[in-house]
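Visitor: What follows is work19.csv, made up of CSV, C-alpha atoms:
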```csv
chain,number,residue,atom,x,y,z
A,1,MET,CA,1.3,-32.7,-2.1
A,2,ARG,CA,-1.5,-32.2,0.4
A,3,LYS,CA,-4.8,-30.8,-0.8
A,4,SER,CA,-5.0,-28.7,2.3
A,5,ALA,CA,-1.9,-26.7,1.2
A,6,LEU,CA,-3.7,-25.7,-1.9
A,7,PHE,CA,-6.7,-24.7,0.1
A,8,TRP,CA,-4.7,-22.6,2.5
A,9,PHE,CA,-2.8,-21.0,-0.4
A,10,GLY,CA,-6.1,-20.0,-2.0
A,11,LEU,CA,-7.4,-18.7,1.3
A,12,VAL,CA,-4.3,-16.5,1.8
A,13,VAL,CA,-4.6,-15.1,-1.7
A,14,THR,CA,-8.3,-14.4,-1.2
A,15,ALA,CA,-7.5,-12.6,2.1
A,16,LEU,CA,-4.9,-10.4,0.3
A,17,VAL,CA,-7.2,-9.5,-2.5
A,18,ALA,CA,-10.2,-8.8,-0.3
A,19,LEU,CA,-8.1,-6.6,2.1
A,20,GLY,CA,-6.5,-4.9,-0.9
A,21,LEU,CA,-9.8,-4.0,-2.4
A,22,VAL,CA,-11.2,-2.5,0.8
A,23,ILE,CA,-8.1,-0.4,1.4
A,24,LEU,CA,-7.9,0.8,-2.2
A,25,ALA,CA,-11.6,1.8,-2.1
A,26,SER,CA,-10.7,4.2,0.7
A,27,ALA,CA,-7.3,5.3,-0.4
A,28,SER,CA,-8.4,6.2,-3.9
A,29,GLU,CA,-11.3,8.4,-3.0
A,30,ALA,CA,-9.6,11.8,-3.0
A,31,ASN,CA,-7.6,11.3,-6.2
A,32,ALA,CA,-10.6,9.8,-7.9
A,33,VAL,CA,-12.6,13.0,-7.2
A,34,ARG,CA,-9.7,15.3,-8.1
A,35,LEU,CA,-8.8,13.6,-11.3
A,36,HIS,CA,-12.0,12.2,-12.6
A,37,ASN,CA,-14.8,13.8,-10.5
A,38,ASP,CA,-16.0,10.3,-9.6
A,39,VAL,CA,-15.3,9.0,-6.1
A,40,TYR,CA,-15.6,5.4,-7.3
A,41,PHE,CA,-13.5,5.8,-10.5
A,42,PHE,CA,-10.5,3.8,-9.5
A,43,ILE,CA,-12.3,1.1,-7.5
A,44,LYS,CA,-14.7,0.4,-10.3
A,45,ARG,CA,-11.8,-0.1,-12.8
A,46,GLN,CA,-9.9,-2.2,-10.2
A,47,ALA,CA,-13.0,-4.4,-9.8
A,48,ILE,CA,-13.0,-4.9,-13.6
A,49,TYR,CA,-9.3,-5.8,-13.5
A,50,LEU,CA,-10.0,-8.1,-10.6
A,51,GLY,CA,-12.7,-10.0,-12.5
A,52,ALA,CA,-10.3,-10.4,-15.5
A,53,GLY,CA,-7.5,-11.4,-13.0
A,54,ILE,CA,-9.7,-14.2,-11.6
A,55,VAL,CA,-10.4,-15.5,-15.1
A,56,VAL,CA,-6.6,-15.4,-15.8
A,57,ALA,CA,-5.9,-17.3,-12.6
A,58,VAL,CA,-8.5,-20.0,-13.3
A,59,LEU,CA,-7.2,-20.5,-16.9
A,60,ALA,CA,-3.6,-20.6,-15.7
A,61,SER,CA,-4.4,-23.1,-13.0
A,62,LEU,CA,-6.2,-25.4,-15.5
A,63,PHE,CA,-3.4,-25.1,-18.0
A,64,ASP,CA,-0.9,-27.9,-17.9
A,65,TYR,CA,2.3,-26.1,-17.0
A,66,HIS,CA,4.4,-28.9,-18.6
A,67,LYS,CA,3.3,-27.5,-22.0
A,68,TRP,CA,5.6,-24.5,-21.5
A,69,ARG,CA,8.5,-27.0,-21.6
A,70,ASP,CA,7.1,-29.7,-23.9
A,71,TYR,CA,5.9,-27.3,-26.5
A,72,GLU,CA,8.8,-25.0,-26.4
A,73,PHE,CA,7.5,-22.8,-29.2
A,74,LEU,CA,4.9,-21.4,-26.8
A,75,THR,CA,7.7,-20.1,-24.6
A,76,TRP,CA,9.6,-18.6,-27.4
A,77,ALA,CA,6.4,-17.1,-28.9
A,78,PHE,CA,5.7,-15.4,-25.5
A,79,PHE,CA,9.3,-14.2,-25.5
A,80,ALA,CA,8.9,-12.6,-29.0
A,81,VAL,CA,5.6,-11.0,-28.1
A,82,VAL,CA,7.0,-9.4,-24.9
A,83,LEU,CA,10.1,-8.1,-26.7
A,84,VAL,CA,7.9,-6.5,-29.3
A,85,LEU,CA,5.7,-4.9,-26.6
A,86,LEU,CA,8.8,-3.6,-24.8
A,87,ALA,CA,9.9,-2.0,-28.0
A,88,VAL,CA,6.5,-0.5,-28.8
A,89,VAL,CA,6.4,1.5,-25.5
A,90,PHE,CA,9.0,3.8,-27.0
A,91,ALA,CA,6.5,4.9,-29.6
A,92,TYR,CA,4.3,6.4,-26.9
A,93,PRO,CA,5.0,9.7,-25.1
A,94,ALA,CA,6.9,9.5,-21.9
A,95,ILE,CA,4.9,9.8,-18.7
A,96,ASN,CA,6.9,11.2,-15.7
A,97,GLY,CA,10.1,10.7,-17.7
A,98,SER,CA,9.6,7.0,-18.5
A,99,HIS,CA,8.3,5.0,-21.5
A,100,ARG,CA,6.5,2.2,-19.6
A,101,TRP,CA,3.0,2.1,-20.9
A,102,ILE,CA,1.1,1.2,-24.1
A,103,SER,CA,-2.2,3.2,-24.3
A,104,LEU,CA,-5.1,1.2,-25.8
A,105,GLY,CA,-7.9,3.7,-25.4
A,106,PRO,CA,-8.9,3.7,-21.7
A,107,ILE,CA,-6.6,0.8,-21.0
A,108,ARG,CA,-2.9,1.1,-20.4
A,109,LEU,CA,-0.6,-2.0,-20.7
A,110,GLN,CA,2.7,-2.2,-18.9
A,111,PRO,CA,4.9,-4.7,-20.7
A,112,SER,CA,7.5,-4.8,-18.0
A,113,GLU,CA,5.0,-6.7,-15.8
A,114,LEU,CA,4.8,-9.4,-18.5
A,115,ALA,CA,8.6,-9.4,-18.7
A,116,LYS,CA,8.7,-10.6,-15.1
A,117,MET,CA,6.5,-13.5,-15.9
A,118,LEU,CA,8.5,-14.3,-19.1
A,119,THR,CA,11.7,-14.4,-17.1
A,120,VAL,CA,10.5,-17.1,-14.8
A,121,ILE,CA,9.0,-19.3,-17.6
A,122,LEU,CA,11.9,-18.9,-19.9
A,123,LEU,CA,14.5,-19.7,-17.3
A,124,ALA,CA,12.5,-22.6,-15.9
A,125,VAL,CA,12.4,-24.2,-19.3
A,126,TRP,CA,16.1,-23.5,-20.0
A,127,LEU,CA,17.4,-24.7,-16.6
A,128,ASP,CA,15.2,-27.8,-16.5
A,129,LYS,CA,16.3,-28.9,-20.0
A,130,SER,CA,19.9,-28.2,-19.0
A,131,GLY,CA,19.8,-30.9,-16.3
A,132,TRP,CA,23.2,-31.5,-14.7
A,133,ARG,CA,24.9,-29.1,-17.2
A,134,VAL,CA,23.8,-26.1,-15.1
A,135,GLU,CA,27.1,-26.7,-13.3
A,136,LEU,CA,28.9,-25.7,-16.5
A,137,PHE,CA,29.7,-22.0,-17.0
A,138,MET,CA,28.2,-21.6,-20.5
A,139,ARG,CA,25.0,-23.6,-20.0
A,140,GLY,CA,24.3,-22.8,-16.4
A,141,ALA,CA,25.4,-19.2,-16.1
A,142,PHE,CA,26.3,-17.5,-19.4
A,143,TRP,CA,23.2,-18.3,-21.5
A,144,PRO,CA,20.7,-17.8,-18.7
A,145,ALA,CA,22.3,-14.5,-17.8
A,146,ALA,CA,22.2,-13.5,-21.5
A,147,LEU,CA,18.5,-14.3,-21.6
A,148,VAL,CA,17.8,-12.3,-18.5
A,149,GLY,CA,19.9,-9.4,-20.0
A,150,VAL,CA,17.9,-9.4,-23.3
A,151,ILE,CA,14.7,-9.1,-21.3
A,152,ALA,CA,16.0,-6.6,-18.8
A,153,LEU,CA,17.8,-4.2,-21.2
A,154,PRO,CA,14.7,-2.7,-22.8
A,155,VAL,CA,13.1,-2.4,-19.4
A,156,LEU,CA,16.2,-0.6,-18.2
A,157,LEU,CA,16.0,1.8,-21.1
A,158,GLU,CA,12.4,2.8,-20.3
A,159,PRO,CA,13.8,3.4,-17.6
A,160,ASP,CA,12.2,1.1,-14.9
A,161,PHE,CA,14.8,0.2,-12.4
A,162,GLY,CA,12.4,-1.5,-10.1
A,163,SER,CA,11.3,-4.0,-12.7
A,164,VAL,CA,15.0,-4.6,-13.7
A,165,MET,CA,15.8,-5.3,-10.1
A,166,VAL,CA,12.9,-7.8,-9.8
A,167,ILE,CA,13.8,-9.5,-13.1
A,168,GLY,CA,17.5,-9.8,-12.2
A,169,SER,CA,16.8,-11.0,-8.7
A,170,ALA,CA,14.3,-13.6,-9.8
A,171,GLY,CA,16.8,-14.8,-12.5
A,172,PHE,CA,19.6,-15.1,-9.9
A,173,LEU,CA,17.5,-17.0,-7.5
A,174,MET,CA,16.2,-19.5,-10.1
A,175,MET,CA,19.8,-20.2,-11.3
A,176,PHE,CA,20.9,-20.7,-7.7
A,177,VAL,CA,18.0,-23.1,-7.0
A,178,ALA,CA,18.8,-25.0,-10.2
A,179,GLY,CA,22.3,-25.6,-9.1
A,180,THR,CA,24.3,-23.0,-11.0
A,181,ARG,CA,27.6,-22.4,-9.2
A,182,LEU,CA,27.8,-19.1,-7.3
A,183,LEU,CA,31.3,-18.4,-8.7
A,184,HIS,CA,29.9,-18.6,-12.2
A,185,MET,CA,27.0,-16.3,-11.4
A,186,LEU,CA,29.0,-13.7,-9.6
A,187,PRO,CA,30.5,-11.8,-12.6
A,188,PHE,CA,27.0,-11.4,-14.1
A,189,ALA,CA,25.5,-10.3,-10.8
A,190,LEU,CA,28.2,-7.7,-10.3
A,191,CYS,CA,27.8,-6.5,-13.9
A,192,GLY,CA,24.0,-6.1,-13.5
A,193,VAL,CA,24.3,-4.2,-10.2
A,194,GLY,CA,27.0,-2.0,-11.7
A,195,VAL,CA,24.9,-1.0,-14.7
A,196,VAL,CA,21.9,-0.1,-12.5
A,197,VAL,CA,24.1,1.8,-10.0
A,198,PHE,CA,25.7,3.7,-12.9
A,199,LYS,CA,22.3,4.6,-14.4
A,200,VAL,CA,21.1,5.9,-11.0
A,201,LEU,CA,24.2,7.9,-10.1
A,202,THR,CA,24.3,9.6,-13.5
A,203,ASN,CA,20.7,10.9,-13.1
A,204,ALA,CA,20.5,14.0,-10.9
A,205,ASN,CA,16.8,13.5,-10.0
A,206,ARG,CA,17.3,9.9,-8.8
A,207,VAL,CA,20.4,10.9,-6.8
A,208,ALA,CA,18.4,13.6,-5.1
A,209,ARG,CA,15.6,11.1,-4.2
A,210,LEU,CA,18.3,9.1,-2.5
A,211,PHE,CA,20.1,11.7,-0.5
A,212,ASP,CA,18.1,15.0,-0.6
A,213,GLU,CA,15.5,15.0,2.2
A,214,SER,CA,13.5,17.7,0.5
A,215,LYS,CA,13.0,15.4,-2.5
A,216,GLN,CA,11.5,12.6,-0.3
A,217,TYR,CA,8.1,14.3,0.3
A,218,GLN,CA,6.0,11.2,-0.5
A,219,VAL,CA,7.8,8.8,1.8
A,220,ASN,CA,7.8,11.4,4.6
A,221,MET,CA,4.0,11.8,4.2
A,222,ALA,CA,3.8,8.0,4.3
A,223,LEU,CA,5.7,7.8,7.5
A,224,ALA,CA,3.4,10.5,9.0
A,225,ALA,CA,0.4,8.3,8.0
A,226,ILE,CA,2.0,5.2,9.6
A,227,GLY,CA,2.9,7.3,12.7
A,228,ASN,CA,-0.7,8.2,13.2
A,229,SER,CA,-1.9,4.6,13.0
A,230,GLU,CA,-1.5,3.3,16.6
A,231,ILE,CA,-2.9,-0.1,17.3
A,232,TRP,CA,-6.3,0.1,15.7
A,233,GLY,CA,-5.8,3.1,13.5
A,234,ALA,CA,-8.0,6.1,12.9
A,235,GLY,CA,-10.8,4.0,11.4
A,236,LEU,CA,-11.6,2.9,7.9
A,237,GLY,CA,-12.1,5.9,5.6
A,238,GLU,CA,-10.6,8.3,8.2
A,239,SER,CA,-7.1,8.8,6.7
A,240,MET,CA,-5.9,12.4,6.5
A,241,GLN,CA,-2.9,11.7,4.3
A,242,LYS,CA,-5.0,10.4,1.4
A,243,HIS,CA,-6.5,13.9,1.0
A,244,LEU,CA,-3.8,15.0,-1.5
A,245,TYR,CA,-1.0,15.0,1.1
A,246,LEU,CA,0.1,11.7,-0.3
A,247,PRO,CA,-0.1,12.0,-4.1
A,248,GLU,CA,0.3,8.3,-4.9
A,249,ALA,CA,-2.1,7.1,-2.1
A,250,HIS,CA,-3.9,4.6,-4.4
A,251,THR,CA,-0.7,3.2,-6.1
A,252,ASP,CA,2.7,2.8,-4.6
A,253,PHE,CA,1.8,4.1,-1.1
A,254,VAL,CA,-1.5,2.4,-0.6
A,255,PHE,CA,-0.1,0.5,2.4
A,256,ALA,CA,0.5,3.8,4.3
A,257,VAL,CA,-3.2,4.7,4.1
A,258,GLY,CA,-4.2,1.2,5.3
A,259,ALA,CA,-1.8,1.5,8.2
A,260,GLU,CA,-3.2,4.9,9.1
A,261,GLU,CA,-6.8,3.7,9.0
A,262,LEU,CA,-6.5,0.2,10.4
A,263,GLY,CA,-3.4,0.5,12.5
A,264,ILE,CA,-0.7,-1.9,13.5
A,265,VAL,CA,-3.1,-4.8,13.3
A,266,PHE,CA,-3.4,-4.1,9.5
A,267,SER,CA,0.4,-3.7,9.0
A,268,VAL,CA,1.2,-6.9,10.9
A,269,SER,CA,-1.6,-8.8,9.1
A,270,VAL,CA,-0.3,-7.8,5.6
A,271,VAL,CA,3.2,-8.9,6.4
A,272,LEU,CA,2.1,-12.2,7.8
A,273,LEU,CA,-0.2,-12.8,4.8
A,274,PHE,CA,2.7,-12.3,2.4
A,275,VAL,CA,5.0,-14.4,4.4
A,276,ALA,CA,2.3,-17.2,4.5
A,277,PHE,CA,2.0,-16.8,0.7
A,278,PHE,CA,5.7,-17.4,0.2
A,279,LEU,CA,6.0,-20.2,2.7
A,280,LEU,CA,3.0,-22.1,1.2
A,281,SER,CA,4.5,-21.6,-2.3
A,282,VAL,CA,7.8,-23.0,-1.1
A,283,TYR,CA,5.9,-26.0,0.3
A,284,ILE,CA,4.1,-26.5,-3.1
A,285,ALA,CA,7.5,-26.2,-4.9
A,286,ARG,CA,9.1,-28.8,-2.6
A,287,LYS,CA,6.2,-31.2,-3.3
A,288,ALA,CA,6.2,-30.6,-7.1
A,289,SER,CA,6.4,-33.7,-9.2
A,290,ASP,CA,9.3,-32.4,-11.2
A,291,ARG,CA,12.1,-29.8,-11.3
A,292,PHE,CA,10.4,-27.7,-13.9
A,293,GLY,CA,7.3,-27.2,-11.7
A,294,ARG,CA,9.6,-26.4,-8.7
A,295,PHE,CA,11.4,-23.7,-10.7
A,296,LEU,CA,8.1,-22.1,-11.9
A,297,VAL,CA,6.7,-21.9,-8.4
A,298,ILE,CA,9.8,-20.5,-6.8
A,299,GLY,CA,10.2,-17.9,-9.5
A,300,MET,CA,6.5,-16.8,-9.5
A,301,ALA,CA,6.3,-16.7,-5.7
A,302,PHE,CA,9.5,-14.8,-5.3
A,303,ILE,CA,8.4,-12.0,-7.7
A,304,ILE,CA,5.2,-11.4,-5.7
A,305,PHE,CA,7.0,-11.6,-2.3
A,306,PHE,CA,10.0,-9.5,-3.3
A,307,GLN,CA,7.8,-6.7,-4.7
A,308,ALA,CA,5.7,-6.8,-1.5
A,309,MET,CA,8.6,-6.6,0.9
A,310,PHE,CA,10.4,-3.9,-1.2
A,311,ASN,CA,7.2,-1.8,-1.3
A,312,LEU,CA,6.8,-2.1,2.5
A,313,GLY,CA,10.5,-1.2,2.9
A,314,VAL,CA,10.1,2.0,0.8
A,315,VAL,CA,6.9,3.1,2.5
A,316,CYS,CA,8.6,2.7,5.9
A,317,LYS,CA,11.7,4.5,4.6
A,318,ALA,CA,13.9,1.4,5.2
A,319,LEU,CA,14.8,1.3,1.5
A,320,PRO,CA,15.5,4.0,-1.1
A,321,THR,CA,12.4,5.5,-2.7
A,322,LYS,CA,11.5,3.6,-5.8
A,323,GLY,CA,8.1,3.2,-7.4
A,324,MET,CA,7.0,-0.5,-7.0
A,325,ALA,CA,3.4,-1.6,-6.7
A,326,LEU,CA,2.2,-3.6,-3.7
A,327,PRO,CA,0.7,-6.8,-5.2
A,328,PHE,CA,-3.1,-7.2,-4.8
A,329,PHE,CA,-3.3,-3.7,-3.2
A,330,SER,CA,-2.0,-1.1,-5.6
A,331,TYR,CA,-4.2,0.2,-8.3
A,332,GLY,CA,-3.2,-1.1,-11.8
A,333,GLY,CA,-4.5,-3.5,-14.3
A,334,THR,CA,-1.3,-5.1,-15.7
A,335,ASN,CA,0.2,-5.6,-12.3
A,336,LEU,CA,-2.9,-7.3,-10.9
A,337,LEU,CA,-3.3,-9.5,-14.0
A,338,SER,CA,0.4,-10.6,-13.7
A,339,ALA,CA,-0.1,-11.3,-10.0
A,340,PHE,CA,-3.1,-13.5,-10.8
A,341,PHE,CA,-1.2,-15.3,-13.6
A,342,ALA,CA,1.6,-16.1,-11.1
A,343,VAL,CA,-1.0,-17.4,-8.6
A,344,GLY,CA,-2.6,-19.5,-11.3
A,345,THR,CA,0.7,-21.0,-12.4
A,346,ILE,CA,1.5,-21.9,-8.8
A,347,LEU,CA,-1.9,-23.6,-8.4
A,348,SER,CA,-1.3,-25.4,-11.7
A,349,VAL,CA,1.9,-27.0,-10.4
A,350,GLY,CA,0.2,-27.8,-7.1
A,351,ILE,CA,-2.9,-29.3,-8.7
A,352,HIS,CA,-1.1,-31.4,-11.2
A,353,SER,CA,1.4,-32.6,-8.6
A,354,TYR,CA,-1.5,-33.6,-6.3
A,355,GLN,CA,-3.3,-35.4,-9.1
A,356,GLU,CA,-0.1,-37.3,-10.1
A,357,LYS,CA,0.5,-38.4,-6.6
A,358,LYS,CA,-3.1,-39.5,-6.3
A,359,ASN,CA,-2.9,-41.5,-9.5
A,360,THR,CA,0.3,-43.1,-8.4
A,361,LEU,CA,-1.3,-44.3,-5.2
A,362,LEU,CA,-4.3,-45.6,-7.1
A,363,ARG,CA,-2.0,-47.6,-9.4
A,364,LYS,CA,-0.2,-49.1,-6.4
A,365,VAL,CA,-3.6,-50.2,-4.9
A,366,VAL,CA,-4.7,-51.7,-8.2
A,367,MET,CA,-1.4,-53.6,-8.6
A,368,ARG,CA,-1.9,-55.2,-5.1
```
Re-express the file's structure as structure tokens.

Guide:
Amino acid sequence: MRKSALFWFGLVVTALVALGLVILASASEANAVRLHNDVYFFIKRQAIYLGAGIVVAVLASLFDYHKWRDYEFLTWAFFAVVLVLLAVVFAYPAINGSHRWISLGPIRLQPSELAKMLTVILLAVWLDKSGWRVELFMRGAFWPAALVGVIALPVLLEPDFGSVMVIGSAGFLMMFVAGTRLLHMLPFALCGVGVVVFKVLTNANRVARLFDESKQYQVNMALAAIGNSEIWGAGLGESMQKHLYLPEAHTDFVFAVGAEELGIVFSVSVVLLFVAFFLLSVYIARKASDRFGRFLVIGMAFIIFFQAMFNLGVVCKALPTKGMALPFFSYGGTNLLSAFFAVGTILSVGIHSYQEKKNTLLRKVVMR
């Protein structure tokens, strides 16, 4: 593990966070005034979440990731807490037809974001302890798929199809990386896709969002914003679409506002930064001192990267319209805290692997 890789990883995350904060400050203005009569409402709250997120990232990076595996009760305790929170959401009134949030005064917690982190940690522990037995059907495919199913089912019932897709995809990737046979994974993958497709096709509103052009207002407004971007854009703060033409300008469609204001340069930069984030994570995973660390990094990095690419695909109308936040850019506390937890965990693996390599070299020098 090279120390420079950790430096560049931190620099890329810093660039994403800084750029996200600047774009959100502009994109949220109109909605902040309309909803709260305070032009800085959303950015002030995001700044608070950012401060908390940095604390979470620092604590996660200092935490010895091996403890998730060595003190397994920590993982199962996290599992129990998340399941309870996923059940509690149904005690709160539905918002836009979904039970996704737990309201704690001015704070809203979204347990499905924690469920994504839980999926990675739980599967990493299970797959690492399974060793060569991941090649067996029950140990390598059935039980991991069952764990993913237990986490994904309450999220599906909320319903939150985007989070289910992230949880299922992350689980599938981690099983593949661990060495589970594709033939063993296939039935569970088909079952999961089948359930999601069935739930979508039996809901008239979601079918309309897929095939009815008149129901795709937001994505069409996002395309109009991107179409106005040109190379350098209209200028920071000069977006027209954010003035109530694009209702979710500060959440799922914040990228469109950034593209309109800062142009193709912004769009390409964001894509390159997320690609760099993932490639550096893969490098950290490859240099990890153990399989468990490798699984954690791959899972955490994939969740961030997958959500980013899916969000960009939706905004550009390359993928079906589905609400999914753009990590480090979209407004939202739980999403931001989860992203920083993932970053901290990746850094924890990188830092401990670097220290172990350094200690090994020192021991060899002493022995000579």

Visitor: For Ala256 in chain A, which of A:Leu336, A:Leu272, A:Cys316, A:Met324 is the closest residue, counting all atoms listed in the file?

Guide: A:Cys316

Visitor: Out of A:Met300, A:Leu24, A:Leu262, A:Leu123, which residue has the shortest atom-to-atom distance to Leu236 in chain A when counting only C-alpha atoms?

Guide: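 Ranked by minimum distance to Leu236 in chain A, first place goes to A:Leu262.
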
Visitor: Quick one: residues within 10 Å of (9.2, -26.1, -20.0) (file frame), counting only C-alpha atoms, please, as a ChimeraX atom specification.

Guide: /A:65-75,121-129,291-293,295-296

Visitor: Using only C-alpha atoms, find each residue of range 221-265 of chain A with at least one atom at most 12 Å away from an atom of range 37-57 of chain A; report its shortest atom-to-atom pair and that distance in Å (one decimal), sort the rows by chain and rising residue number, and return the result as JSON lines.

Guide:
```
{"residue": "A:Ala249", "atom": "CA", "partner": "A:Phe42", "partner_atom": "CA", "distance": 11.7}
{"residue": "A:His250", "atom": "CA", "partner": "A:Phe42", "partner_atom": "CA", "distance": 8.4}
{"residue": "A:Thr251", "atom": "CA", "partner": "A:Phe42", "partner_atom": "CA", "distance": 10.4}
```

Visitor: Restricting it to C-alpha atoms, dump the selection as a short mmCIF file (atom, residue, chain, number, x, y, z; two decimals), keeping the file's coordinate frame.

Guide:
```cif
data_model
loop_
_atom_site.label_atom_id
_atom_site.label_comp_id
_atom_site.auth_asym_id
_atom_site.auth_seq_id
_atom_site.Cartn_x
_atom_site.Cartn_y
_atom_site.Cartn_z
CA ALA A 249 -2.10 7.10 -2.10
CA HIS A 250 -3.90 4.60 -4.40
CA THR A 251 -0.70 3.20 -6.10
#
```

Visitor: Would you mind telling me which residue in A:Ala170, A:Leu279, A:Val366, A:Val257 lies nearest to Val12 in chain A when using only C-alpha atoms?

Guide: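 Ranking A:Ala170, A:Leu279, A:Val366, A:Val257 by distance to Val12 in chain A, first place goes to A:Leu279.
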
Visitor: Have a look at CA of Lys287 in chain A and CA of Ser353 in chain A and let me know their distance in Å, one decimal.

Guide: 7.3 Å

Visitor: Using only C-alpha atoms, pick whichever of A:Pro327, A:Ser112, A:Asn359, A:Pro247 has the shortest atom-to-atom distance to Leu35 in chain A.

Guide: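 Answer, going by the shortest atom-to-atom distance: A:Pro247.
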
Visitor: Rounded to one decimal, what separation in Å do you get between CA of Leu21 in chain A and CA of Gly344 in chain A?

Guide: 19.3 Å

Visitor: Please measure the separation of CA of Val17 in chain A and CA of Thr334 in chain A, giving the value in Å to one decimal.

Guide: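 These atoms are spaced 15.1 Å apart.
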
Visitor: Counting all atoms listed in the file, I want the residues whose atoms come within 12 Å of (9.6, 0.4, -0.2) in the file frame, returned as a PyMOL selection string.

Guide: chain A and resi 162+218-219+222-223+252-256+306-326

Visitor: For a quick check of understanding, using only C-alpha atoms, which of A:Phe172, A:Phe274, A:Pro159, A:Val82 has the smallest distance to Asn203 in chain A?

Guide: A:Pro159

Visitor: Point out the residue among A:Gly258, A:Trp132, A:Leu156, A:Leu85 with the least atom-to-atom distance to Ser98 in chain A, counting all atoms listed in the file.

Guide: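 Comparing A:Gly258, A:Trp132, A:Leu156, A:Leu85 against Ser98 in chain A, the winner is A:Leu156.
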
Visitor: Neighbours of Leu280 in chain A within 9 Å (only C-alpha atoms; same-chain residues fewer than 3 positions away dropped), as a ChimeraX atom specification?

Guide: /A:5-6,8-9,275-277,283-285

Visitor: Can you tell me which residues surround Ala91 in chain A at a distance of at most 10 Å, considering only C-alpha atoms, apart from same-chain residues fewer than 5 positions away, and format the answer as a VMD selection string?

Guide: chain A and resid 99 101 to 102

Visitor: I'd like the contact shell of Ala60 in chain A - 9 Å cut-off, all atoms listed in the file, skipping same-chain residues fewer than 5 positions apart - returned as a PyMOL selection string.

Guide: chain A and resi 55+65+340-348

Visitor: Which residues are near Lys116 in chain A? Cut-off 9 Å, all atoms listed in the file, ignore same chain within fewer than 2 positions. Put them as a ChimeraX atom specification.

Guide: /A:111-114,118-120,151,163-164,166-167,170,300,303,338

Visitor: Please reconstruct the missing atoms of range 146-157 of chain A (target: N, CA and C atoms) and return them as a compact mmCIF listing (two decimals), in the frame of the given file.

Guide:
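The result, written out as out22.txt:
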```txt
# COMPACT_ATOMS: atom_id res chain seq x y z
N ALA A 146 22.41 -14.24 -20.19
CA ALA A 146 22.20 -13.50 -21.50
C ALA A 146 20.68 -13.37 -21.71
N LEU A 147 19.90 -14.41 -21.43
CA LEU A 147 18.50 -14.30 -21.60
C LEU A 147 17.84 -13.27 -20.70
N VAL A 148 18.31 -13.27 -19.44
CA VAL A 148 17.80 -12.30 -18.50
C VAL A 148 18.21 -10.86 -18.98
N GLY A 149 19.42 -10.73 -19.51
CA GLY A 149 19.90 -9.40 -20.00
C GLY A 149 19.07 -8.93 -21.18
N VAL A 150 18.72 -9.83 -22.09
CA VAL A 150 17.90 -9.40 -23.30
C VAL A 150 16.54 -8.93 -22.81
N ILE A 151 15.98 -9.54 -21.78
CA ILE A 151 14.70 -9.10 -21.30
C ILE A 151 14.81 -7.81 -20.48
N ALA A 152 15.87 -7.71 -19.67
CA ALA A 152 16.00 -6.60 -18.80
C ALA A 152 16.47 -5.29 -19.47
N LEU A 153 17.23 -5.42 -20.57
CA LEU A 153 17.80 -4.20 -21.20
C LEU A 153 16.73 -3.23 -21.68
N PRO A 154 15.70 -3.64 -22.45
CA PRO A 154 14.70 -2.70 -22.80
C PRO A 154 13.93 -2.08 -21.65
N VAL A 155 13.78 -2.87 -20.58
CA VAL A 155 13.10 -2.40 -19.40
C VAL A 155 14.00 -1.30 -18.72
N LEU A 156 15.31 -1.53 -18.74
CA LEU A 156 16.20 -0.60 -18.20
C LEU A 156 16.22 0.74 -18.97
N LEU A 157 16.04 0.64 -20.29
CA LEU A 157 16.00 1.80 -21.10
C LEU A 157 14.75 2.64 -21.02
```
